[in-house]
Amino acid sequence: LLNINVGGKLFQIAYKVLAQYPITRLGKLALYTDPVKKLQLCDDYLVQKNEYFFDRDPSIFHYIFHFYRSGVLWVMDEMCPSNFVEEIEYWGIHLKYSQRCCRILFEEKRDELSEYLKIEKELEAELEPLESGAQFDGKFLGGFRKMVWNLIENPYSSVPAKIIAVMSSFFVLISIVGMTLSTVEEMKNKTGKMWMEQMEMICAIFFTSEYLMRLISSSSFKNFLRAAFNAIDLVAILPFYIQILFENLEDGDMQYHEELHKVENVSKLGKVLKLIKLMRIFRILKLARHSTGLRAFSFTMRQCYQQVCCLLLFIAMGVFTFSALIHSVEHDVPGTGFTSIPCAWWWAAVSLSTVGYGDTVPDTILGRMVAFVCISFGIILNGMPISILYNKFSDYYAKLKAHEMSQ
């Protein structure tokens with residue numbers, strides 16, 4: 001018998017049993033005749049008792065011991081997958097020796113643990129700032145840039161930093177309200193336009209100052225341009241300056257071109273100017289910088305992109321299928337709106353989403369049966385991913401909030 005001491009517990013295994021598995025650690029220990037090679041396989045050797053000592057987990061070695069006696073590696077649910085894989089790799093035993101049912105459950109549990117650890121790492125990276133205080137050490141105006149960075153990026157560093165964070169959210173809301181009121185007919189008079197322009201100018205000045213402070217305090221210009229939030233800040237301030245540029249071009253056309261050409265240019269510039277003004281709606285994305293809920297929603301969409309893409313694929317398949325069916329049974333009805341399959345796409349999309357505007361409806365009994373099947377499929381399709389997405393969103397939100405509080 002080979003005497004093995006694992007973590008203080010003694011095990012005895014026959015040499016002929018270990019020799020059946022020559023590629024394992026204990027199989028090599030039983031087959032080697034060179035004492036030097038044997039000592040390289042164990043942690044220590046007691047000559048008086050002829051014991052080979054291993055400083056490993058004795059609770060997991062019970063399963064290794066059972067494997068040598070029975071030839072089957074048992075896997076228990078309560079064991080940590082990472083620790084168990086590490087132990088069996090040390091002893092040179094492959095997972096293929098376990099039963100297929102146990103192996104499938106174990107691999108699923110290991111994949112779940114790996115996915116959980118991956119998500120935890122990404123969640124921590126979500127809240128981890130792009131810059132750290134140590135990165136400013138030894139750089140030009142490092143102390144000043146660190147102070148500005150804390151003021152802009154770390155609302156919990158001081159009272160002024162909290163005030164700036166609140167002001168940033170306040171100006172975003174003011175800007176969105178101003179853009180909304182500018183479309184109201186009663187606000188399109190001269191006084192209303194003047195107030196809207198002044199409000200827009202104040203907001204643009206604040207956003208520009210905030211962006212420049214972030215640019216100054218950044219320790220790496222390359223990382224600064226890569227950051228998504230900084231790109232959002234740039235999109236928030238560009239419409240104001242592009243609008244000024246186009247208004248100046250419009251004035252130039254009014255002075256130097258003929259009447260017909262001038263009207264065409266003004267019309268073109270007016271359309272472009274409306275599009276530029278519409279870009280101001282992206283300022284609302286700036287709220288995500290200080291909103292845990294918006295960050296959790298964005299993180300959920302990134303983690304569940306496969307499920308979302310699968311849902312969109314099912315919707316597209318449903319739209320094409322039911323639009324073809326409704327066209328085949330309704331195209332002969334006088335005055336029908338289903339004159340072609342592309343014309344039926346809108347009806348299929350509205351029915352699948354269970355909105356049901358009622359602008360286009362089937363008239364025949366067979367068409368109504370197709371509509372019933374389409375609506376039923378839409379209810380099932382919409383109900384499947386909602387619980388999954390909501391559960392993940394609430395889980396990610398709770399974890400982000402916990403990480404935020406711990407920091």
# chains A, B, ... in the order shown; residues from 1 in each chain; ligands from 1
call {"tool": "select_by_dssp", "arguments": {"residues": "segment 46-159 of chain A", "states": "strand (DSSP E)", "output": "ChimeraX atom specification"}}
result
/A:46,51-54
call {"tool": "residues_around", "arguments": {"residues": "segment 163-171 of chain A", "least_positions_apart": "5", "cutoff": "10 Å", "atoms": "only C-alpha atoms", "output": "PDB file with all heavy atoms, in the first residue's frame"}}
result
ATOM      1  N   LEU A 151     -13.161  67.983  -9.178  1.00  0.00           N
ATOM      2  CA  LEU A 151     -14.281  68.920  -9.186  1.00  0.00           C
ATOM      3  C   LEU A 151     -15.317  68.531 -10.237  1.00  0.00           C
ATOM      4  O   LEU A 151     -16.531  68.681 -10.007  1.00  0.00           O
ATOM      5  CB  LEU A 151     -13.757  70.333  -9.463  1.00  0.00           C
ATOM      6  CG  LEU A 151     -14.693  71.505  -9.140  1.00  0.00           C
ATOM      7  CD1 LEU A 151     -14.968  71.568  -7.647  1.00  0.00           C
ATOM      8  CD2 LEU A 151     -14.072  72.810  -9.623  1.00  0.00           C
ATOM      9  N   ILE A 152     -14.859  68.011 -11.374  1.00  0.00           N
ATOM     10  CA  ILE A 152     -15.763  67.711 -12.473  1.00  0.00           C
ATOM     11  C   ILE A 152     -16.233  66.259 -12.464  1.00  0.00           C
ATOM     12  O   ILE A 152     -17.410  65.972 -12.690  1.00  0.00           O
ATOM     13  CB  ILE A 152     -15.075  68.034 -13.822  1.00  0.00           C
ATOM     14  CG1 ILE A 152     -14.772  69.516 -13.909  1.00  0.00           C
ATOM     15  CG2 ILE A 152     -15.950  67.614 -14.995  1.00  0.00           C
ATOM     16  CD1 ILE A 152     -15.986  70.413 -13.912  1.00  0.00           C
ATOM     17  N   GLU A 153     -15.325  65.318 -12.171  1.00  0.00           N
ATOM     18  CA  GLU A 153     -15.617  63.902 -12.342  1.00  0.00           C
ATOM     19  C   GLU A 153     -16.026  63.188 -11.062  1.00  0.00           C
ATOM     20  O   GLU A 153     -16.596  62.102 -11.144  1.00  0.00           O
ATOM     21  CB  GLU A 153     -14.385  63.187 -12.938  1.00  0.00           C
ATOM     22  CG  GLU A 153     -14.026  63.633 -14.335  1.00  0.00           C
ATOM     23  CD  GLU A 153     -15.006  63.120 -15.369  1.00  0.00           C
ATOM     24  OE1 GLU A 153     -15.824  62.251 -15.018  1.00  0.00           O
ATOM     25  OE2 GLU A 153     -14.965  63.590 -16.506  1.00  0.00           O
ATOM     26  N   ASN A 154     -15.725  63.734  -9.921  1.00  0.00           N
ATOM     27  CA  ASN A 154     -15.984  63.037  -8.663  1.00  0.00           C
ATOM     28  C   ASN A 154     -16.911  63.875  -7.792  1.00  0.00           C
ATOM     29  O   ASN A 154     -16.453  64.684  -6.984  1.00  0.00           O
ATOM     30  CB  ASN A 154     -14.667  62.766  -7.930  1.00  0.00           C
ATOM     31  CG  ASN A 154     -14.861  61.801  -6.770  1.00  0.00           C
ATOM     32  OD1 ASN A 154     -15.981  61.341  -6.520  1.00  0.00           O
ATOM     33  ND2 ASN A 154     -13.792  61.504  -6.063  1.00  0.00           N
ATOM     34  N   PRO A 155     -18.232  63.731  -7.935  1.00  0.00           N
ATOM     35  CA  PRO A 155     -19.167  64.570  -7.170  1.00  0.00           C
ATOM     36  C   PRO A 155     -19.076  64.382  -5.662  1.00  0.00           C
ATOM     37  O   PRO A 155     -19.510  65.251  -4.909  1.00  0.00           O
ATOM     38  CB  PRO A 155     -20.543  64.130  -7.695  1.00  0.00           C
ATOM     39  CG  PRO A 155     -20.272  63.419  -8.968  1.00  0.00           C
ATOM     40  CD  PRO A 155     -18.912  62.807  -8.829  1.00  0.00           C
ATOM     41  N   TYR A 156     -18.535  63.228  -5.227  1.00  0.00           N
ATOM     42  CA  TYR A 156     -18.480  62.949  -3.793  1.00  0.00           C
ATOM     43  C   TYR A 156     -17.187  63.448  -3.142  1.00  0.00           C
ATOM     44  O   TYR A 156     -16.967  63.219  -1.960  1.00  0.00           O
ATOM     45  CB  TYR A 156     -18.621  61.445  -3.548  1.00  0.00           C
ATOM     46  CG  TYR A 156     -19.905  60.868  -4.084  1.00  0.00           C
ATOM     47  CD1 TYR A 156     -19.925  60.172  -5.288  1.00  0.00           C
ATOM     48  CD2 TYR A 156     -21.107  61.028  -3.404  1.00  0.00           C
ATOM     49  CE1 TYR A 156     -21.098  59.648  -5.800  1.00  0.00           C
ATOM     50  CE2 TYR A 156     -22.290  60.515  -3.897  1.00  0.00           C
ATOM     51  CZ  TYR A 156     -22.281  59.825  -5.093  1.00  0.00           C
ATOM     52  OH  TYR A 156     -23.450  59.320  -5.591  1.00  0.00           O
ATOM     53  N   SER A 158     -16.138  66.680  -2.840  1.00  0.00           N
ATOM     54  CA  SER A 158     -16.291  67.930  -2.092  1.00  0.00           C
ATOM     55  C   SER A 158     -17.682  68.499  -2.350  1.00  0.00           C
ATOM     56  O   SER A 158     -18.409  68.051  -3.245  1.00  0.00           O
ATOM     57  CB  SER A 158     -15.214  68.944  -2.504  1.00  0.00           C
ATOM     58  OG  SER A 158     -15.346  69.272  -3.872  1.00  0.00           O
ATOM     59  N   ILE A 176     -33.336  71.218 -22.515  1.00  0.00           N
ATOM     60  CA  ILE A 176     -34.386  70.412 -23.132  1.00  0.00           C
ATOM     61  C   ILE A 176     -35.719  71.143 -23.076  1.00  0.00           C
ATOM     62  O   ILE A 176     -36.487  71.159 -24.048  1.00  0.00           O
ATOM     63  CB  ILE A 176     -34.492  69.036 -22.444  1.00  0.00           C
ATOM     64  CG1 ILE A 176     -33.176  68.261 -22.583  1.00  0.00           C
ATOM     65  CG2 ILE A 176     -35.641  68.238 -23.020  1.00  0.00           C
ATOM     66  CD1 ILE A 176     -32.766  68.000 -24.004  1.00  0.00           C
ATOM     67  N   VAL A 177     -36.017  71.787 -21.942  1.00  0.00           N
ATOM     68  CA  VAL A 177     -37.258  72.555 -21.820  1.00  0.00           C
ATOM     69  C   VAL A 177     -37.264  73.715 -22.816  1.00  0.00           C
ATOM     70  O   VAL A 177     -38.284  74.005 -23.466  1.00  0.00           O
ATOM     71  CB  VAL A 177     -37.427  73.072 -20.373  1.00  0.00           C
ATOM     72  CG1 VAL A 177     -38.575  74.069 -20.289  1.00  0.00           C
ATOM     73  CG2 VAL A 177     -37.679  71.909 -19.427  1.00  0.00           C
ATOM     74  N   MET A 199     -31.299  81.790 -23.307  1.00  0.00           N
ATOM     75  CA  MET A 199     -31.230  80.565 -22.503  1.00  0.00           C
ATOM     76  C   MET A 199     -30.293  79.547 -23.153  1.00  0.00           C
ATOM     77  O   MET A 199     -29.475  78.912 -22.479  1.00  0.00           O
ATOM     78  CB  MET A 199     -32.632  79.969 -22.350  1.00  0.00           C
ATOM     79  CG  MET A 199     -32.709  78.753 -21.434  1.00  0.00           C
ATOM     80  SD  MET A 199     -34.357  78.011 -21.441  1.00  0.00           S
ATOM     81  CE  MET A 199     -35.354  79.385 -20.885  1.00  0.00           C
ATOM     82  N   GLU A 200     -30.379  79.429 -24.487  1.00  0.00           N
ATOM     83  CA  GLU A 200     -29.516  78.499 -25.203  1.00  0.00           C
ATOM     84  C   GLU A 200     -28.061  78.922 -25.095  1.00  0.00           C
ATOM     85  O   GLU A 200     -27.158  78.076 -24.943  1.00  0.00           O
ATOM     86  CB  GLU A 200     -29.957  78.441 -26.668  1.00  0.00           C
ATOM     87  CG  GLU A 200     -29.066  77.591 -27.552  1.00  0.00           C
ATOM     88  CD  GLU A 200     -29.106  76.111 -27.217  1.00  0.00           C
ATOM     89  OE1 GLU A 200     -30.036  75.694 -26.491  1.00  0.00           O
ATOM     90  OE2 GLU A 200     -28.207  75.372 -27.659  1.00  0.00           O
ATOM     91  N   ILE A 202     -26.622  80.628 -22.622  1.00  0.00           N
ATOM     92  CA  ILE A 202     -26.145  80.362 -21.258  1.00  0.00           C
ATOM     93  C   ILE A 202     -25.833  78.875 -21.083  1.00  0.00           C
ATOM     94  O   ILE A 202     -24.790  78.498 -20.535  1.00  0.00           O
ATOM     95  CB  ILE A 202     -27.186  80.836 -20.227  1.00  0.00           C
ATOM     96  CG1 ILE A 202     -27.323  82.364 -20.264  1.00  0.00           C
ATOM     97  CG2 ILE A 202     -26.795  80.389 -18.828  1.00  0.00           C
ATOM     98  CD1 ILE A 202     -28.465  82.894 -19.426  1.00  0.00           C
ATOM     99  N   CYS A 203     -26.724  78.018 -21.582  1.00  0.00           N
ATOM    100  CA  CYS A 203     -26.501  76.574 -21.475  1.00  0.00           C
ATOM    101  C   CYS A 203     -25.263  76.150 -22.267  1.00  0.00           C
ATOM    102  O   CYS A 203     -24.458  75.333 -21.797  1.00  0.00           O
ATOM    103  CB  CYS A 203     -27.725  75.815 -21.979  1.00  0.00           C
ATOM    104  SG  CYS A 203     -29.207  75.991 -20.960  1.00  0.00           S
ATOM    105  N   ALA A 204     -25.101  76.710 -23.472  1.00  0.00           N
ATOM    106  CA  ALA A 204     -23.944  76.359 -24.298  1.00  0.00           C
ATOM    107  C   ALA A 204     -22.641  76.802 -23.643  1.00  0.00           C
ATOM    108  O   ALA A 204     -21.627  76.084 -23.706  1.00  0.00           O
ATOM    109  CB  ALA A 204     -24.089  76.993 -25.679  1.00  0.00           C
ATOM    110  N   PHE A 206     -22.100  77.100 -20.413  1.00  0.00           N
ATOM    111  CA  PHE A 206     -21.832  76.186 -19.291  1.00  0.00           C
ATOM    112  C   PHE A 206     -21.304  74.844 -19.792  1.00  0.00           C
ATOM    113  O   PHE A 206     -20.318  74.323 -19.255  1.00  0.00           O
ATOM    114  CB  PHE A 206     -23.111  75.973 -18.477  1.00  0.00           C
ATOM    115  CG  PHE A 206     -22.934  75.010 -17.337  1.00  0.00           C
ATOM    116  CD1 PHE A 206     -22.399  75.426 -16.121  1.00  0.00           C
ATOM    117  CD2 PHE A 206     -23.285  73.670 -17.485  1.00  0.00           C
ATOM    118  CE1 PHE A 206     -22.222  74.531 -15.080  1.00  0.00           C
ATOM    119  CE2 PHE A 206     -23.114  72.769 -16.442  1.00  0.00           C
ATOM    120  CZ  PHE A 206     -22.579  73.205 -15.241  1.00  0.00           C
ATOM    121  N   PHE A 207     -21.937  74.277 -20.826  1.00  0.00           N
ATOM    122  CA  PHE A 207     -21.495  72.984 -21.351  1.00  0.00           C
ATOM    123  C   PHE A 207     -20.091  73.076 -21.940  1.00  0.00           C
ATOM    124  O   PHE A 207     -19.288  72.144 -21.789  1.00  0.00           O
ATOM    125  CB  PHE A 207     -22.474  72.488 -22.416  1.00  0.00           C
ATOM    126  CG  PHE A 207     -23.835  72.161 -21.884  1.00  0.00           C
ATOM    127  CD1 PHE A 207     -24.977  72.367 -22.660  1.00  0.00           C
ATOM    128  CD2 PHE A 207     -24.001  71.651 -20.611  1.00  0.00           C
ATOM    129  CE1 PHE A 207     -26.233  72.055 -22.176  1.00  0.00           C
ATOM    130  CE2 PHE A 207     -25.252  71.346 -20.102  1.00  0.00           C
ATOM    131  CZ  PHE A 207     -26.380  71.561 -20.888  1.00  0.00           C
ATOM    132  N   GLU A 210     -17.609  73.249 -19.081  1.00  0.00           N
ATOM    133  CA  GLU A 210     -17.502  71.921 -18.464  1.00  0.00           C
ATOM    134  C   GLU A 210     -16.639  70.997 -19.327  1.00  0.00           C
ATOM    135  O   GLU A 210     -15.784  70.260 -18.817  1.00  0.00           O
ATOM    136  CB  GLU A 210     -18.901  71.343 -18.301  1.00  0.00           C
ATOM    137  CG  GLU A 210     -18.974  70.061 -17.490  1.00  0.00           C
ATOM    138  CD  GLU A 210     -20.376  69.528 -17.383  1.00  0.00           C
ATOM    139  OE1 GLU A 210     -21.155  69.716 -18.342  1.00  0.00           O
ATOM    140  OE2 GLU A 210     -20.710  68.906 -16.359  1.00  0.00           O
ATOM    141  N   ARG A 283     -28.594  66.044 -25.651  1.00  0.00           N
ATOM    142  CA  ARG A 283     -28.092  66.545 -24.373  1.00  0.00           C
ATOM    143  C   ARG A 283     -28.673  65.794 -23.188  1.00  0.00           C
ATOM    144  O   ARG A 283     -28.074  65.755 -22.117  1.00  0.00           O
ATOM    145  CB  ARG A 283     -28.414  68.036 -24.239  1.00  0.00           C
ATOM    146  CG  ARG A 283     -27.601  68.932 -25.162  1.00  0.00           C
ATOM    147  CD  ARG A 283     -27.997  70.373 -25.018  1.00  0.00           C
ATOM    148  NE  ARG A 283     -27.228  71.225 -25.924  1.00  0.00           N
ATOM    149  CZ  ARG A 283     -27.454  72.516 -26.095  1.00  0.00           C
ATOM    150  NH1 ARG A 283     -28.439  73.105 -25.439  1.00  0.00           N
ATOM    151  NH2 ARG A 283     -26.712  73.222 -26.931  1.00  0.00           N
ATOM    152  N   ILE A 284     -29.834  65.202 -23.407  1.00  0.00           N
ATOM    153  CA  ILE A 284     -30.446  64.464 -22.300  1.00  0.00           C
ATOM    154  C   ILE A 284     -29.599  63.253 -21.908  1.00  0.00           C
ATOM    155  O   ILE A 284     -29.690  62.748 -20.780  1.00  0.00           O
ATOM    156  CB  ILE A 284     -31.881  64.036 -22.680  1.00  0.00           C
ATOM    157  CG1 ILE A 284     -32.692  63.725 -21.427  1.00  0.00           C
ATOM    158  CG2 ILE A 284     -31.871  62.856 -23.631  1.00  0.00           C
ATOM    159  CD1 ILE A 284     -34.162  63.574 -21.690  1.00  0.00           C
ATOM    160  N   LYS A 286     -26.566  63.362 -21.316  1.00  0.00           N
ATOM    161  CA  LYS A 286     -25.608  63.800 -20.305  1.00  0.00           C
ATOM    162  C   LYS A 286     -26.058  63.419 -18.899  1.00  0.00           C
ATOM    163  O   LYS A 286     -25.251  63.322 -17.981  1.00  0.00           O
ATOM    164  CB  LYS A 286     -25.425  65.328 -20.385  1.00  0.00           C
ATOM    165  CG  LYS A 286     -24.585  65.792 -21.565  1.00  0.00           C
ATOM    166  CD  LYS A 286     -24.591  67.300 -21.692  1.00  0.00           C
ATOM    167  CE  LYS A 286     -23.956  67.975 -20.493  1.00  0.00           C
ATOM    168  NZ  LYS A 286     -22.512  67.722 -20.385  1.00  0.00           N
ATOM    169  N   LEU A 287     -27.370  63.208 -18.738  1.00  0.00           N
ATOM    170  CA  LEU A 287     -27.874  62.817 -17.417  1.00  0.00           C
ATOM    171  C   LEU A 287     -27.343  61.450 -16.997  1.00  0.00           C
ATOM    172  O   LEU A 287     -27.319  61.131 -15.807  1.00  0.00           O
ATOM    173  CB  LEU A 287     -29.409  62.799 -17.426  1.00  0.00           C
ATOM    174  CG  LEU A 287     -30.107  64.145 -17.630  1.00  0.00           C
ATOM    175  CD1 LEU A 287     -31.601  63.949 -17.744  1.00  0.00           C
ATOM    176  CD2 LEU A 287     -29.786  65.104 -16.488  1.00  0.00           C
ATOM    177  N   ALA A 288     -26.940  60.626 -17.984  1.00  0.00           N
ATOM    178  CA  ALA A 288     -26.430  59.290 -17.652  1.00  0.00           C
ATOM    179  C   ALA A 288     -25.134  59.363 -16.869  1.00  0.00           C
ATOM    180  O   ALA A 288     -24.762  58.398 -16.180  1.00  0.00           O
ATOM    181  CB  ALA A 288     -26.223  58.483 -18.926  1.00  0.00           C
ATOM    182  N   ARG A 289     -24.412  60.494 -16.942  1.00  0.00           N
ATOM    183  CA  ARG A 289     -23.154  60.613 -16.209  1.00  0.00           C
ATOM    184  C   ARG A 289     -23.378  60.529 -14.702  1.00  0.00           C
ATOM    185  O   ARG A 289     -22.530  60.019 -13.964  1.00  0.00           O
ATOM    186  CB  ARG A 289     -22.473  61.934 -16.570  1.00  0.00           C
ATOM    187  CG  ARG A 289     -21.079  62.094 -16.001  1.00  0.00           C
ATOM    188  CD  ARG A 289     -20.519  63.448 -16.376  1.00  0.00           C
ATOM    189  NE  ARG A 289     -20.213  63.527 -17.792  1.00  0.00           N
ATOM    190  CZ  ARG A 289     -19.070  63.136 -18.323  1.00  0.00           C
ATOM    191  NH1 ARG A 289     -18.126  62.603 -17.568  1.00  0.00           N
ATOM    192  NH2 ARG A 289     -18.859  63.259 -19.617  1.00  0.00           N
ATOM    193  N   HIS A 290     -24.505  61.036 -14.237  1.00  0.00           N
ATOM    194  CA  HIS A 290     -24.793  61.053 -12.797  1.00  0.00           C
ATOM    195  C   HIS A 290     -26.033  60.224 -12.456  1.00  0.00           C
ATOM    196  O   HIS A 290     -26.587  60.378 -11.371  1.00  0.00           O
ATOM    197  CB  HIS A 290     -24.982  62.490 -12.310  1.00  0.00           C
ATOM    198  CG  HIS A 290     -23.834  63.395 -12.626  1.00  0.00           C
ATOM    199  ND1 HIS A 290     -22.554  63.180 -12.144  1.00  0.00           N
ATOM    200  CD2 HIS A 290     -23.753  64.501 -13.406  1.00  0.00           C
ATOM    201  CE1 HIS A 290     -21.742  64.117 -12.588  1.00  0.00           C
ATOM    202  NE2 HIS A 290     -22.445  64.930 -13.362  1.00  0.00           N
ATOM    203  N   SER A 291     -26.493  59.382 -13.383  1.00  0.00           N
ATOM    204  CA  SER A 291     -27.686  58.574 -13.145  1.00  0.00           C
ATOM    205  C   SER A 291     -27.319  57.097 -13.158  1.00  0.00           C
ATOM    206  O   SER A 291     -26.902  56.561 -14.180  1.00  0.00           O
ATOM    207  CB  SER A 291     -28.748  58.872 -14.212  1.00  0.00           C
ATOM    208  OG  SER A 291     -29.829  57.984 -14.098  1.00  0.00           O
TER     209      SER A 291
END
call {"tool": "closest_residue", "arguments": {"among": "A:Phe221, A:Glu107, A:Ser59, A:Cys102", "to": "Glu87 of chain A", "atoms": "only C-alpha atoms"}}
result
A:Ser59
call {"tool": "atom_distance", "arguments": {"atom1": "atom CA of Arg103 of chain A", "atom2": "atom CA of Glu86 of chain A"}}
result
15.5 Å
call {"tool": "closest_residue", "arguments": {"among": "A:Asn5, A:Ser220, A:His94, A:Arg280", "to": "Gly178 of chain A", "atoms": "only C-alpha atoms"}}
result
A:Arg280
call {"tool": "atom_distance", "arguments": {"atom1": "atom CA of Ala227 of chain A", "atom2": "atom CA of Met301 of chain A"}}
result
18.1 Å
call {"tool": "residues_around", "arguments": {"residues": "Asn50 of chain A", "least_positions_apart": "2", "cutoff": "9 Å", "atoms": "only C-alpha atoms", "output": "ChimeraX atom specification"}}
result
/A:2-4,45-48,52
call {"tool": "closest_residue", "arguments": {"among": "A:Ala296, A:Ser209, A:Ile13, A:Ile326", "to": "Tyr390 of chain A", "atoms": "only C-alpha atoms"}}
result
A:Ala296
call {"tool": "atom_distance", "arguments": {"atom1": "atom CA of Pro342 of chain A", "atom2": "atom CA of Val370 of chain A"}}
result
16.8 Å
call {"tool": "closest_residue", "arguments": {"among": "A:Cys374, A:Leu181, A:Pro362, A:Arg56", "to": "Pro334 of chain A", "atoms": "only C-alpha atoms"}}
result
A:Pro362
call {"tool": "closest_residue", "arguments": {"among": "A:Met196, A:Ala344, A:Ala14, A:Leu105", "to": "Ser328 of chain A", "atoms": "only C-alpha atoms"}}
result
A:Ala344
call {"tool": "closest_residue", "arguments": {"among": "A:Cys343, A:Gly358, A:Thr191, A:Ala371", "to": "Gly318 of chain A", "atoms": "only C-alpha atoms"}}
result
A:Ala371
call {"tool": "residues_around", "arguments": {"residues": "segment 40-43 of chain A", "least_positions_apart": "3", "cutoff": "7 Å", "atoms": "only C-alpha atoms", "output": "PyMOL selection string"}}
result
chain A and resi 25+29+36-37+52-55
call {"tool": "write_last_selection", "arguments": {"atoms": "N, CA, C and O atoms", "output": "mmCIF file, in the first residue's frame"}}
result
data_model
loop_
_atom_site.group_PDB
_atom_site.id
_atom_site.type_symbol
_atom_site.label_atom_id
_atom_site.label_comp_id
_atom_site.auth_asym_id
_atom_site.auth_seq_id
_atom_site.Cartn_x
_atom_site.Cartn_y
_atom_site.Cartn_z
ATOM 1 N N ARG A 25 -0.868 12.007 -11.037
ATOM 2 C CA ARG A 25 0.248 12.268 -10.120
ATOM 3 C C ARG A 25 0.540 11.067 -9.230
ATOM 4 O O ARG A 25 1.704 10.682 -9.049
ATOM 5 N N LEU A 29 3.685 8.436 -9.006
ATOM 6 C CA LEU A 29 4.344 8.190 -7.725
ATOM 7 C C LEU A 29 4.475 6.687 -7.461
ATOM 8 O O LEU A 29 5.464 6.227 -6.878
ATOM 9 N N VAL A 36 14.358 10.607 -6.238
ATOM 10 C CA VAL A 36 14.378 12.045 -6.528
ATOM 11 C C VAL A 36 13.125 12.450 -7.285
ATOM 12 O O VAL A 36 12.488 13.478 -6.983
ATOM 13 N N LYS A 37 12.718 11.659 -8.285
ATOM 14 C CA LYS A 37 11.505 11.954 -9.042
ATOM 15 C C LYS A 37 10.263 11.863 -8.161
ATOM 16 O O LYS A 37 9.310 12.632 -8.313
ATOM 17 N N TYR A 52 3.947 9.920 2.104
ATOM 18 C CA TYR A 52 4.131 11.033 1.181
ATOM 19 C C TYR A 52 3.107 12.109 1.538
ATOM 20 O O TYR A 52 1.892 11.835 1.569
ATOM 21 N N PHE A 53 3.626 13.289 1.816
ATOM 22 C CA PHE A 53 2.753 14.362 2.296
ATOM 23 C C PHE A 53 2.412 15.320 1.150
ATOM 24 O O PHE A 53 3.278 15.718 0.377
ATOM 25 N N PHE A 54 1.104 15.700 1.065
ATOM 26 C CA PHE A 54 0.623 16.675 0.081
ATOM 27 C C PHE A 54 -0.150 17.765 0.816
ATOM 28 O O PHE A 54 -1.100 17.456 1.560
ATOM 29 N N ASP A 55 0.238 18.985 0.607
ATOM 30 C CA ASP A 55 -0.436 20.107 1.247
ATOM 31 C C ASP A 55 -1.602 20.578 0.370
ATOM 32 O O ASP A 55 -1.585 21.635 -0.237
#
call {"tool": "residues_around", "arguments": {"residues": "segment 96-98 of chain A", "least_positions_apart": "4", "cutoff": "9 Å", "atoms": "only C-alpha atoms", "output": "CSV table (one decimal) with all heavy atoms, in the first residue's frame"}}
result
chain,number,residue,atom,x,y,z
A,67,PHE,N,-12.2,7.9,-6.7
A,67,PHE,CA,-12.0,7.7,-8.1
A,67,PHE,C,-11.1,6.5,-8.3
A,67,PHE,O,-11.3,5.7,-9.2
A,67,PHE,CB,-11.5,9.0,-8.8
A,67,PHE,CG,-10.8,8.7,-10.1
A,67,PHE,CD1,-11.5,8.5,-11.2
A,67,PHE,CD2,-9.4,8.8,-10.2
A,67,PHE,CE1,-10.9,8.2,-12.5
A,67,PHE,CE2,-8.8,8.6,-11.4
A,67,PHE,CZ,-9.5,8.3,-12.5
A,71,GLY,N,-13.1,4.1,-10.2
A,71,GLY,CA,-12.9,4.4,-11.6
A,71,GLY,C,-13.9,5.5,-12.0
A,71,GLY,O,-13.9,5.8,-13.2
A,72,VAL,N,-14.6,6.1,-11.1
A,72,VAL,CA,-15.6,7.1,-11.4
A,72,VAL,C,-15.4,8.3,-10.5
A,72,VAL,O,-15.2,8.2,-9.3
A,72,VAL,CB,-17.1,6.6,-11.2
A,72,VAL,CG1,-18.1,7.7,-11.5
A,72,VAL,CG2,-17.4,5.4,-12.1
A,73,LEU,N,-15.3,9.5,-11.2
A,73,LEU,CA,-15.1,10.7,-10.4
A,73,LEU,C,-16.5,11.4,-10.1
A,73,LEU,O,-17.2,11.8,-11.1
A,73,LEU,CB,-14.2,11.7,-11.3
A,73,LEU,CG,-13.9,13.0,-10.7
A,73,LEU,CD1,-13.1,12.9,-9.4
A,73,LEU,CD2,-13.2,13.9,-11.7
A,74,TRP,N,-16.8,11.4,-8.9
A,74,TRP,CA,-18.1,12.0,-8.5
A,74,TRP,C,-17.9,13.5,-8.3
A,74,TRP,O,-16.9,14.0,-7.8
A,74,TRP,CB,-18.6,11.4,-7.2
A,74,TRP,CG,-18.9,10.0,-7.3
A,74,TRP,CD1,-18.2,8.9,-6.9
A,74,TRP,CD2,-20.1,9.4,-8.0
A,74,TRP,NE1,-18.8,7.7,-7.2
A,74,TRP,CE2,-20.0,8.0,-7.9
A,74,TRP,CE3,-21.2,10.0,-8.7
A,74,TRP,CZ2,-20.9,7.2,-8.5
A,74,TRP,CZ3,-22.1,9.1,-9.2
A,74,TRP,CH2,-22.0,7.7,-9.1
A,75,VAL,N,-18.9,14.3,-8.7
A,75,VAL,CA,-18.9,15.7,-8.6
A,75,VAL,C,-20.2,16.2,-7.8
A,75,VAL,O,-21.3,15.8,-8.2
A,75,VAL,CB,-19.0,16.4,-10.0
A,75,VAL,CG1,-18.9,17.9,-9.9
A,75,VAL,CG2,-17.8,15.9,-10.9
A,102,CYS,N,-23.4,14.3,-14.3
A,102,CYS,CA,-22.6,15.2,-13.3
A,102,CYS,C,-21.8,16.2,-14.1
A,102,CYS,O,-21.7,17.3,-13.7
A,102,CYS,CB,-21.8,14.3,-12.4
A,102,CYS,SG,-22.7,13.3,-11.3
A,103,ARG,N,-21.2,15.7,-15.2
A,103,ARG,CA,-20.3,16.6,-15.9
A,103,ARG,C,-21.0,17.7,-16.6
A,103,ARG,O,-20.6,18.9,-16.6
A,103,ARG,CB,-19.5,15.8,-17.0
A,103,ARG,CG,-18.5,16.6,-17.7
A,103,ARG,CD,-17.5,15.7,-18.5
A,103,ARG,NE,-18.2,14.9,-19.6
A,103,ARG,CZ,-18.5,13.6,-19.5
A,103,ARG,NH1,-18.1,12.9,-18.5
A,103,ARG,NH2,-19.1,13.0,-20.6
